[in-house]
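The next block is start27.cif, given as mmCIF, C-alpha atoms and all ligand atoms.
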```
data_final
loop_
_atom_site.label_atom_id
_atom_site.label_comp_id
_atom_site.auth_asym_id
_atom_site.auth_seq_id
_atom_site.Cartn_x
_atom_site.Cartn_y
_atom_site.Cartn_z
CA MET A 1 96.50 98.88 89.41
CA ILE A 2 99.74 96.98 89.84
CA ILE A 3 99.52 93.26 90.56
CA ASP A 4 102.62 91.35 91.68
CA CYS A 5 102.03 87.75 90.57
CA HIS A 6 104.80 86.21 92.67
CA GLY A 7 104.94 86.59 96.45
CA HIS A 8 105.50 84.00 99.18
CA TYR A 9 104.84 84.05 102.91
CA THR A 10 108.55 83.80 103.72
CA THR A 11 108.04 85.69 106.97
CA ALA A 12 105.43 83.42 108.58
CA PRO A 13 105.36 83.59 112.41
CA ALA A 14 107.83 81.33 114.24
CA PRO A 15 105.21 78.85 115.56
CA HIS A 16 104.52 77.79 111.97
CA GLN A 17 108.11 76.61 111.46
CA ALA A 18 108.14 75.09 114.97
CA TYR A 19 105.10 73.05 113.97
CA ARG A 20 106.92 71.85 110.87
CA GLU A 21 109.94 70.76 112.88
CA ALA A 22 107.74 68.96 115.42
CA GLN A 23 105.88 67.29 112.58
CA LEU A 24 109.03 65.99 110.90
CA ALA A 25 110.47 64.86 114.25
CA ALA A 26 107.28 62.93 115.02
CA HIS A 27 107.39 61.30 111.60
CA THR A 28 111.02 60.27 112.07
CA ALA A 29 110.25 58.85 115.52
CA GLY A 30 107.20 56.98 114.22
CA GLN A 31 104.88 58.96 116.51
CA PRO A 32 101.48 60.46 115.69
CA LEU A 33 101.76 63.75 113.80
CA PRO A 34 101.09 66.86 115.92
CA ALA A 35 98.42 69.48 115.18
CA PRO A 36 99.47 72.94 113.92
CA LYS A 37 100.40 75.43 116.65
CA THR A 38 98.16 78.37 117.47
CA ILE A 39 99.07 81.59 115.68
CA SER A 40 97.32 84.84 116.59
CA ASP A 41 96.06 87.46 114.14
CA GLU A 42 98.48 89.85 115.83
CA GLU A 43 101.44 87.63 114.96
CA ILE A 44 100.29 87.45 111.35
CA ARG A 45 99.77 91.22 111.14
CA GLU A 46 103.23 91.88 112.55
CA SER A 47 104.89 89.47 110.12
CA ILE A 48 103.13 91.03 107.12
CA GLU A 49 103.03 94.72 107.97
CA GLN A 50 106.76 94.98 108.65
CA ASN A 51 107.67 93.09 105.53
CA GLN A 52 105.59 92.42 102.42
CA LEU A 53 102.98 95.11 103.05
CA ARG A 54 105.56 97.78 103.88
CA LEU A 55 107.69 96.98 100.82
CA LEU A 56 104.67 96.71 98.53
CA ARG A 57 103.59 100.22 99.51
CA GLU A 58 107.08 101.69 99.39
CA ARG A 59 107.64 100.31 95.92
CA GLY A 60 104.23 101.29 94.60
CA ALA A 61 102.38 98.03 93.88
CA ASP A 62 98.77 97.40 94.92
CA MET A 63 98.32 93.68 95.24
CA THR A 64 100.28 90.43 95.56
CA ILE A 65 99.26 86.96 94.44
CA PHE A 66 100.44 85.24 97.60
CA SER A 67 101.43 81.64 98.27
CA PRO A 68 103.22 79.63 100.94
CA ARG A 69 107.01 79.83 101.15
CA ALA A 70 108.20 77.77 98.20
CA SER A 71 111.49 76.52 99.63
CA ALA A 72 109.61 75.21 102.68
CA MET A 73 107.14 73.10 100.69
CA ALA A 74 109.86 70.42 100.82
CA HIS A 75 107.76 67.72 99.24
CA HIS A 76 110.68 65.32 99.60
CA ALA A 77 110.47 65.48 103.43
CA GLY A 78 108.38 62.91 105.29
CA ASP A 79 105.70 61.06 103.36
CA GLU A 80 102.31 61.69 101.77
CA ALA A 81 100.55 62.22 105.12
CA VAL A 82 103.25 64.63 106.32
CA SER A 83 103.10 66.57 103.06
CA GLY A 84 99.31 66.67 103.16
CA GLN A 85 99.07 68.06 106.68
CA TRP A 86 101.88 70.55 106.18
CA THR A 87 100.34 71.76 102.92
CA ALA A 88 96.92 72.27 104.50
CA ALA A 89 98.48 74.24 107.36
CA CYS A 90 100.47 76.43 104.93
CA ASN A 91 97.42 77.09 102.75
CA ASN A 92 95.22 77.87 105.76
CA LEU A 93 97.78 80.43 106.90
CA ILE A 94 97.67 82.12 103.47
CA LYS A 95 93.89 82.27 103.78
CA ARG A 96 94.23 84.08 107.10
CA VAL A 97 96.56 86.66 105.52
CA VAL A 98 94.06 87.20 102.70
CA ASP A 99 91.22 87.60 105.20
CA LEU A 100 93.19 90.19 107.16
CA TYR A 101 94.23 92.14 104.03
CA PRO A 102 91.69 91.28 101.32
CA GLU A 103 92.50 94.37 99.27
CA THR A 104 96.19 93.52 99.08
CA PHE A 105 96.61 89.75 99.01
CA ILE A 106 94.95 86.98 97.04
CA GLY A 107 95.78 83.33 97.65
CA VAL A 108 97.57 80.73 95.59
CA CYS A 109 98.04 77.28 97.13
CA GLN A 110 100.85 74.81 97.40
CA LEU A 111 99.94 71.21 96.56
CA PRO A 112 100.39 68.16 98.80
CA GLN A 113 102.82 66.40 96.50
CA SER A 114 105.11 63.56 97.49
CA PRO A 115 107.71 61.64 95.44
CA GLY A 116 106.20 58.54 93.86
CA VAL A 117 102.64 59.47 94.85
CA SER A 118 100.07 60.13 92.12
CA ILE A 119 99.29 63.80 91.47
CA ALA A 120 95.64 62.72 91.49
CA ASN A 121 95.96 62.77 95.28
CA SER A 122 96.63 66.52 95.14
CA VAL A 123 93.37 67.35 93.37
CA ALA A 124 91.22 67.50 96.51
CA GLU A 125 93.44 70.15 98.13
CA LEU A 126 93.35 72.25 94.95
CA GLU A 127 89.56 72.04 94.96
CA ARG A 128 89.38 72.96 98.64
CA CYS A 129 91.64 75.97 98.17
CA VAL A 130 89.79 77.27 95.11
CA ASN A 131 86.20 76.46 96.05
CA GLN A 132 86.34 76.99 99.81
CA LEU A 133 89.24 79.38 100.41
CA GLY A 134 88.79 81.49 97.26
CA PHE A 135 92.31 80.95 95.90
CA VAL A 136 93.01 81.73 92.25
CA GLY A 137 95.85 79.36 91.33
CA CYS A 138 98.42 76.85 92.55
CA ASN A 139 102.14 76.25 92.66
CA LEU A 140 103.08 72.99 90.96
CA ASN A 141 106.39 71.34 91.82
CA PRO A 142 107.73 69.48 88.76
CA ASP A 143 110.30 67.74 90.99
CA PRO A 144 108.89 66.72 94.38
CA SER A 145 112.06 64.67 94.98
CA GLY A 146 113.93 67.93 95.71
CA GLY A 147 116.63 67.86 93.05
CA HIS A 148 116.75 64.23 91.91
CA TRP A 149 114.08 64.52 89.18
CA THR A 150 112.43 61.16 89.75
CA SER A 151 109.03 62.22 88.32
CA ALA A 152 107.93 61.98 84.70
CA PRO A 153 108.09 65.19 82.60
CA LEU A 154 105.17 67.60 83.02
CA THR A 155 103.81 66.53 79.64
CA ASP A 156 103.36 62.92 80.83
CA ARG A 157 99.84 61.63 81.27
CA ASN A 158 100.58 60.99 84.96
CA TRP A 159 100.03 64.72 85.51
CA TYR A 160 96.75 64.87 83.61
CA PRO A 161 94.39 64.45 86.61
CA LEU A 162 95.67 67.75 88.00
CA PHE A 163 95.59 69.49 84.63
CA GLU A 164 91.98 68.37 84.06
CA LYS A 165 91.01 69.91 87.40
CA MET A 166 92.95 73.11 86.70
CA VAL A 167 91.07 73.54 83.42
CA GLU A 168 87.74 72.75 85.08
CA LEU A 169 88.42 75.32 87.84
CA ASP A 170 90.01 77.75 85.35
CA VAL A 171 93.13 78.29 87.47
CA PRO A 172 96.77 78.47 86.34
CA ALA A 173 99.81 76.92 87.99
CA MET A 174 103.15 78.54 88.63
CA VAL A 175 105.82 75.92 87.95
CA HIS A 176 107.79 76.16 91.17
CA VAL A 177 110.24 73.74 92.71
CA SER A 178 111.04 73.74 96.41
CA GLY A 179 114.20 73.16 98.42
CA SER A 180 117.02 71.06 97.05
CA CYS A 181 118.37 68.02 98.85
CA ASN A 182 120.97 67.51 96.14
CA ALA A 183 124.19 69.31 97.08
CA ASN A 184 124.92 69.99 93.41
CA PHE A 185 121.99 72.36 93.15
CA HIS A 186 121.73 75.43 95.34
CA ALA A 187 117.96 75.86 95.86
CA THR A 188 117.34 79.39 94.58
CA GLY A 189 120.52 79.83 92.55
CA ALA A 190 120.48 76.61 90.55
CA HIS A 191 117.52 74.32 91.30
CA TYR A 192 114.89 77.04 90.70
CA ILE A 193 116.41 78.29 87.47
CA ASN A 194 117.08 74.75 86.22
CA ALA A 195 113.46 73.81 86.84
CA ASP A 196 112.11 76.84 85.00
CA THR A 197 114.27 76.06 82.00
CA THR A 198 113.52 72.33 82.20
CA ALA A 199 109.75 72.86 82.26
CA PHE A 200 109.91 75.02 79.16
CA MET A 201 111.91 72.41 77.24
CA GLN A 202 109.45 69.71 78.32
CA PHE A 203 106.61 71.80 76.90
CA ILE A 204 108.49 72.06 73.58
CA GLU A 205 109.07 68.31 73.41
CA GLY A 206 105.52 67.37 74.34
CA ASP A 207 102.04 68.08 73.01
CA LEU A 208 100.46 69.07 76.27
CA PHE A 209 98.64 72.12 74.97
CA ARG A 210 97.07 70.18 72.12
CA ASP A 211 95.38 68.09 74.81
CA PHE A 212 94.72 71.10 77.08
CA PRO A 213 94.38 74.26 74.98
CA ALA A 214 93.13 76.23 78.01
CA LEU A 215 95.86 75.13 80.44
CA ARG A 216 98.08 77.98 81.68
CA PHE A 217 101.48 78.00 83.40
CA ILE A 218 103.58 80.80 84.76
CA ILE A 219 107.28 80.00 84.57
CA PRO A 220 108.82 82.22 87.24
CA HIS A 221 112.23 83.85 87.63
CA GLY A 222 111.94 85.42 84.21
CA GLY A 223 111.54 82.02 82.54
CA GLY A 224 114.86 80.70 83.84
CA ALA A 225 117.46 80.61 81.07
CA VAL A 226 114.86 80.56 78.31
CA PRO A 227 114.74 84.20 77.14
CA TYR A 228 118.54 84.42 77.08
CA HIS A 229 118.68 81.26 74.94
CA TRP A 230 115.55 81.97 72.90
CA GLY A 231 117.32 81.16 69.63
CA ARG A 232 118.30 77.75 70.99
CA TYR A 233 114.73 76.91 71.91
CA ARG A 234 113.32 78.14 68.61
CA GLY A 235 115.98 76.14 66.82
CA LEU A 236 115.32 73.02 68.87
CA ALA A 237 111.59 73.30 68.18
CA ASP A 238 112.41 73.42 64.49
CA MET A 239 114.82 70.44 64.68
CA LEU A 240 112.30 68.42 66.69
CA LYS A 241 109.63 69.16 64.05
CA ARG A 242 107.52 71.05 66.52
CA PRO A 243 105.36 73.99 65.48
CA PRO A 244 106.75 77.52 66.04
CA LEU A 245 106.88 78.37 69.75
CA ALA A 246 104.31 81.16 69.39
CA GLU A 247 101.60 78.59 68.70
CA HIS A 248 103.10 75.46 70.29
CA VAL A 249 103.88 76.86 73.77
CA MET A 250 103.38 80.60 74.14
CA LYS A 251 99.59 80.61 74.07
CA ASN A 252 99.79 78.79 77.41
CA VAL A 253 103.04 79.82 79.10
CA PHE A 254 103.86 83.12 80.77
CA PHE A 255 107.03 84.48 82.38
CA ASP A 256 107.27 86.75 85.40
CA THR A 257 109.74 89.60 85.87
CA CYS A 258 111.77 88.15 88.77
CA VAL A 259 115.04 89.06 87.09
CA TYR A 260 117.13 91.14 89.42
CA HIS A 261 119.01 93.54 87.18
CA GLN A 262 118.19 95.97 84.37
CA PRO A 263 119.98 94.22 81.47
CA GLY A 264 118.06 91.00 82.24
CA ILE A 265 114.74 92.83 82.17
CA ASP A 266 115.74 94.65 78.98
CA LEU A 267 116.42 91.29 77.32
CA LEU A 268 113.22 89.70 78.63
CA PHE A 269 111.08 92.46 77.14
CA ARG A 270 113.01 92.49 73.89
CA VAL A 271 112.71 88.75 73.34
CA ILE A 272 109.37 87.71 74.86
CA ASP A 273 106.01 89.01 73.60
CA ILE A 274 104.53 91.60 75.95
CA ASN A 275 101.36 89.51 76.25
CA ASN A 276 103.38 86.74 77.94
CA ILE A 277 105.02 88.81 80.70
CA LEU A 278 103.51 89.31 84.16
CA PHE A 279 104.95 91.66 86.74
CA GLY A 280 106.44 89.76 89.68
CA SER A 281 109.09 90.41 92.31
CA GLU A 282 109.18 87.30 94.56
CA MET A 283 109.47 89.66 97.46
CA VAL A 284 110.44 88.98 100.26
CA GLY A 285 112.32 86.07 98.77
CA ALA A 286 115.54 84.64 97.47
CA VAL A 287 117.57 87.81 97.04
CA ARG A 288 116.96 90.36 99.77
CA GLY A 289 119.98 92.65 99.68
CA ILE A 290 120.76 96.00 98.10
CA ASP A 291 122.66 96.09 94.82
CA PRO A 292 125.82 98.12 95.51
CA GLU A 293 125.92 99.15 91.85
CA THR A 294 122.50 100.83 91.98
CA GLY A 295 121.86 101.39 95.69
CA GLN A 296 118.43 99.76 95.27
CA TYR A 297 117.07 96.40 96.35
CA PHE A 298 117.80 93.68 93.81
CA ASP A 299 114.20 92.46 94.02
CA ASP A 300 112.59 95.88 93.48
CA THR A 301 111.73 94.75 89.97
CA LYS A 302 109.25 97.55 89.35
CA ARG A 303 112.15 99.98 88.95
CA TYR A 304 113.56 98.03 86.02
CA ILE A 305 110.19 97.87 84.28
CA ASP A 306 109.52 101.56 84.83
CA ALA A 307 112.92 102.29 83.29
CA LEU A 308 111.81 100.62 80.03
CA ARG A 309 109.48 103.51 79.08
CA LEU A 310 106.75 101.21 77.82
CA SER A 311 103.64 102.52 76.07
CA ASP A 312 100.60 102.93 78.34
CA ASP A 313 99.03 99.90 76.72
CA ASP A 314 102.08 97.69 77.31
CA ARG A 315 102.50 98.93 80.87
CA TYR A 316 98.88 98.02 81.58
CA LYS A 317 99.42 94.51 80.20
CA VAL A 318 102.50 93.79 82.30
CA TYR A 319 101.22 95.29 85.53
CA GLU A 320 97.58 94.27 85.39
CA GLY A 321 95.96 93.09 82.17
CA ASN A 322 97.98 89.91 81.66
CA ALA A 323 97.49 88.88 85.30
CA ARG A 324 93.72 89.33 84.96
CA ARG A 325 93.77 87.16 81.83
CA VAL A 326 95.94 84.39 83.35
CA TYR A 327 94.07 84.44 86.70
CA PRO A 328 90.42 84.90 85.63
CA ARG A 329 89.18 84.23 89.17
CA LEU A 330 91.18 87.23 90.36
CA ASP A 331 89.74 89.30 87.53
CA ALA A 332 86.21 88.27 88.53
CA LEU A 333 86.88 89.14 92.17
CA LEU A 334 88.26 92.57 91.28
CA LYS A 335 85.29 93.26 89.01
CA GLU A 336 82.91 92.32 91.84
CA ARG A 337 84.63 95.02 93.88
CA GLY A 338 84.27 97.52 91.06
CA GLN A 339 87.99 97.43 90.20
ZN ZN B 1 108.86 81.87 94.21
#
```

Any chance you could put this one into structure tokens?
Amino acid sequence: MIIDCHGHYTTAPAPHQAYREAQLAAHTAGQPLPAPKTISDEEIRESIEQNQLRLLRERGADMTIFSPRASAMAHHAGDEAVSGQWTAACNNLIKRVVDLYPETFIGVCQLPQSPGVSIANSVAELERCVNQLGFVGCNLNPDPSGGHWTSAPLTDRNWYPLFEKMVELDVPAMVHVSGSCNANFHATGAHYINADTTAFMQFIEGDLFRDFPALRFIIPHGGGAVPYHWGRYRGLADMLKRPPLAEHVMKNVFFDTCVYHQPGIDLLFRVIDINNILFGSEMVGAVRGIDPETGQYFDDTKRYIDALRLSDDDRYKVYEGNARRVYPRLDALLKERGQ
């Protein structure tokens, strides 16, 4: 089967965004926060069937690891209470999609982060989503300030309460920033790719995986600038007296295939070990148009991988096997279903 590890509910029904706007307005006005608006199953079906489900089938994938819209997490907006309520509403909506299409979608949660607030306060929502909603992972924002980078690096002990819970629950995190409120950084064009690259360098500098040998991260968007600059990172590891990347970082870090042209995918597969690459498209997401050079959608990443002519074994790893290994709760669920 073909598992897309990177999909967001970017097409959520309009009342969901209306709720968010009402929530932020109430916070600004110092009024009590409103409750989420009612959304019918029909509205959810319509938003999914015309978009993610249609494209998934047209492009030939079977399943998407599905999480709330990343750019709308906006952890910098409001305060801890605002972030907590918004996060719960977003995660509950993902659960409803999974319940309507259990064969096609499996949930990953956003976390109720807030600048300056301990990540320990996010642990309860992770537990709720995994233990009660059946989710198999989370999205972790390394910069809840939205482009000002006021948090400590991911290797800092401040993050450890979440990492301890991730290891206990055996779930990975996709390192995923949200919107940018810094005009220097376009959200999906600069802030996302910067964050991917930044997280990788933090992992090189730190010793996180010595403390947490079982901790797993997916760095999306093809690993940011990392594969293209692989020699730089290997060289920096050497200069910083770190062990080789294969043992220092790459037992715990995986890249997706959200690179929207063939030469980028060619380079990713040439540079990064096949065991560290998970198929992903981030569809429907940041880049929705058709590439005039190819006549195909930029984010139809399966085409680029199919063009590589991988061995059957390598194809299996990228499309299915690696995802089952990184998301063992998904693997267990599929096995329960005889898949
Ligand atoms: Zn994403």

- Which residues come within 12 Å of Asp314 (chain A), counting only C-alpha atoms, excluding same-chain residues fewer than 2 positions away, as a VMD selection string? chain A and resid 269 273 to 279 305 to 306 308 to 312 316 to 322

Residues up to 7 Å from ligand ZN 1 (chain B), counting only C-alpha atoms and all ligand atoms: could you list those as a PDB file with C-alpha atoms, in the coordinates of the input?
```pdb
ATOM      1  CA  HIS A   6     104.800  86.210  92.670  1.00  0.00           C
ATOM      2  CA  GLY A   7     104.940  86.590  96.450  1.00  0.00           C
ATOM      3  CA  HIS A   8     105.500  84.000  99.180  1.00  0.00           C
ATOM      4  CA  ALA A  70     108.200  77.770  98.200  1.00  0.00           C
ATOM      5  CA  HIS A 176     107.790  76.160  91.170  1.00  0.00           C
ATOM      6  CA  PRO A 220     108.820  82.220  87.240  1.00  0.00           C
ATOM      7  CA  GLU A 282     109.180  87.300  94.560  1.00  0.00           C
TER       8      GLU A 282
END
```

List as CSV every residue of region 113-179 of chain A that is in contact with region 71-90 of chain A, defined as an atom at most 10 Å from one of its atoms (using only C-alpha atoms), together with the nearest atom pair and the distance in Å rounded to one decimal, sorted by chain and then rising number.
```
residue,atom,partner,partner_atom,distance
A:Gln113,CA,A:His75,CA,5.8
A:Ser114,CA,A:His75,CA,5.2
A:Pro115,CA,A:His76,CA,6.3
A:Gly116,CA,A:Glu80,CA,9.4
A:Val117,CA,A:Glu80,CA,7.3
A:Asn121,CA,A:Glu80,CA,9.1
A:Ser122,CA,A:Gly84,CA,8.5
A:Glu125,CA,A:Ala88,CA,7.6
A:Arg128,CA,A:Ala88,CA,9.6
A:Cys129,CA,A:Ala88,CA,9.0
A:Asn139,CA,A:Met73,CA,10.0
A:Asn141,CA,A:His75,CA,8.4
A:Asp143,CA,A:His75,CA,8.6
A:Pro144,CA,A:His75,CA,5.1
A:Ser145,CA,A:His76,CA,4.9
A:Gly146,CA,A:His76,CA,5.7
A:Gly147,CA,A:His76,CA,9.2
A:His148,CA,A:His76,CA,9.9
A:His176,CA,A:Ser71,CA,9.2
A:Val177,CA,A:Ser71,CA,7.6
A:Ser178,CA,A:Ser71,CA,4.3
A:Gly179,CA,A:Ser71,CA,4.5
```

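For the residues A:Leu333, A:Arg303, A:Ala18, A:Val287, ranking by smallest atom-to-atom distance to Gln262 (chain A) using all atoms listed in the file places A:Arg303 first.
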
- Test item: which residues lie within 12 Å of (90.6, 87.5, 89.4) counting all atoms listed in the file, as a PyMOL selection string: chain A and resi 3+5+63-65+105-108+130+134-137+170-172+320-339

- Which distance in Å separates CA of Cys138 (chain A) and CA of Pro34 (chain A), to one decimal? 25.6 Å

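Across the model, the gap from CA of Gln110 (chain A) to CA of Leu140 (chain A) is 7.1 Å.
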
- Query: Can you tell me, as a ChimeraX atom specification, what residues are no more than 12 Å from Tyr228 (chain A) when counting all atoms listed in the file, ignoring any on the same chain fewer than 4 positions away?
  - Reply: /A:197,222-224,232-234,259,263-272

With C-alpha atoms retained, export the selected residues as a short mmCIF file (atom, residue, chain, number, x, y, z; two decimals), keeping the file's coordinate frame.
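Contents of the output file selection-v1.cif:
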```cif
data_model
loop_
_atom_site.label_atom_id
_atom_site.label_comp_id
_atom_site.auth_asym_id
_atom_site.auth_seq_id
_atom_site.Cartn_x
_atom_site.Cartn_y
_atom_site.Cartn_z
CA THR A 197 114.27 76.06 82.00
CA GLY A 222 111.94 85.42 84.21
CA GLY A 223 111.54 82.02 82.54
CA GLY A 224 114.86 80.70 83.84
CA ARG A 232 118.30 77.75 70.99
CA TYR A 233 114.73 76.91 71.91
CA ARG A 234 113.32 78.14 68.61
CA VAL A 259 115.04 89.06 87.09
CA PRO A 263 119.98 94.22 81.47
CA GLY A 264 118.06 91.00 82.24
CA ILE A 265 114.74 92.83 82.17
CA ASP A 266 115.74 94.65 78.98
CA LEU A 267 116.42 91.29 77.32
CA LEU A 268 113.22 89.70 78.63
CA PHE A 269 111.08 92.46 77.14
CA ARG A 270 113.01 92.49 73.89
CA VAL A 271 112.71 88.75 73.34
CA ILE A 272 109.37 87.71 74.86
#
```

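Between CA of Pro13 (chain A) and CA of Pro112 (chain A) the interatomic distance comes to 21.2 Å.
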
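When only C-alpha atoms are used to measure the gap to Thr38 (chain A), the shortest distance among A:Leu162, A:Leu53, A:Ala14, A:Met201 belongs to A:Ala14.
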
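Considering only C-alpha atoms, the residue among A:Arg45, A:His261, A:Lys241, A:Arg210 positioned nearest to Gly295 (chain A) is A:His261.
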
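Using all atoms listed in the file, the smallest distance between any of A:Tyr260, A:Trp230, A:Pro213, A:Ala173 and Asp291 (chain A) comes from A:Tyr260.
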
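For the choices A:Lys165, A:Arg59, A:His229, A:Arg96, the atom-to-atom distance to Glu127 (chain A) is smallest for A:Lys165 when using only C-alpha atoms.
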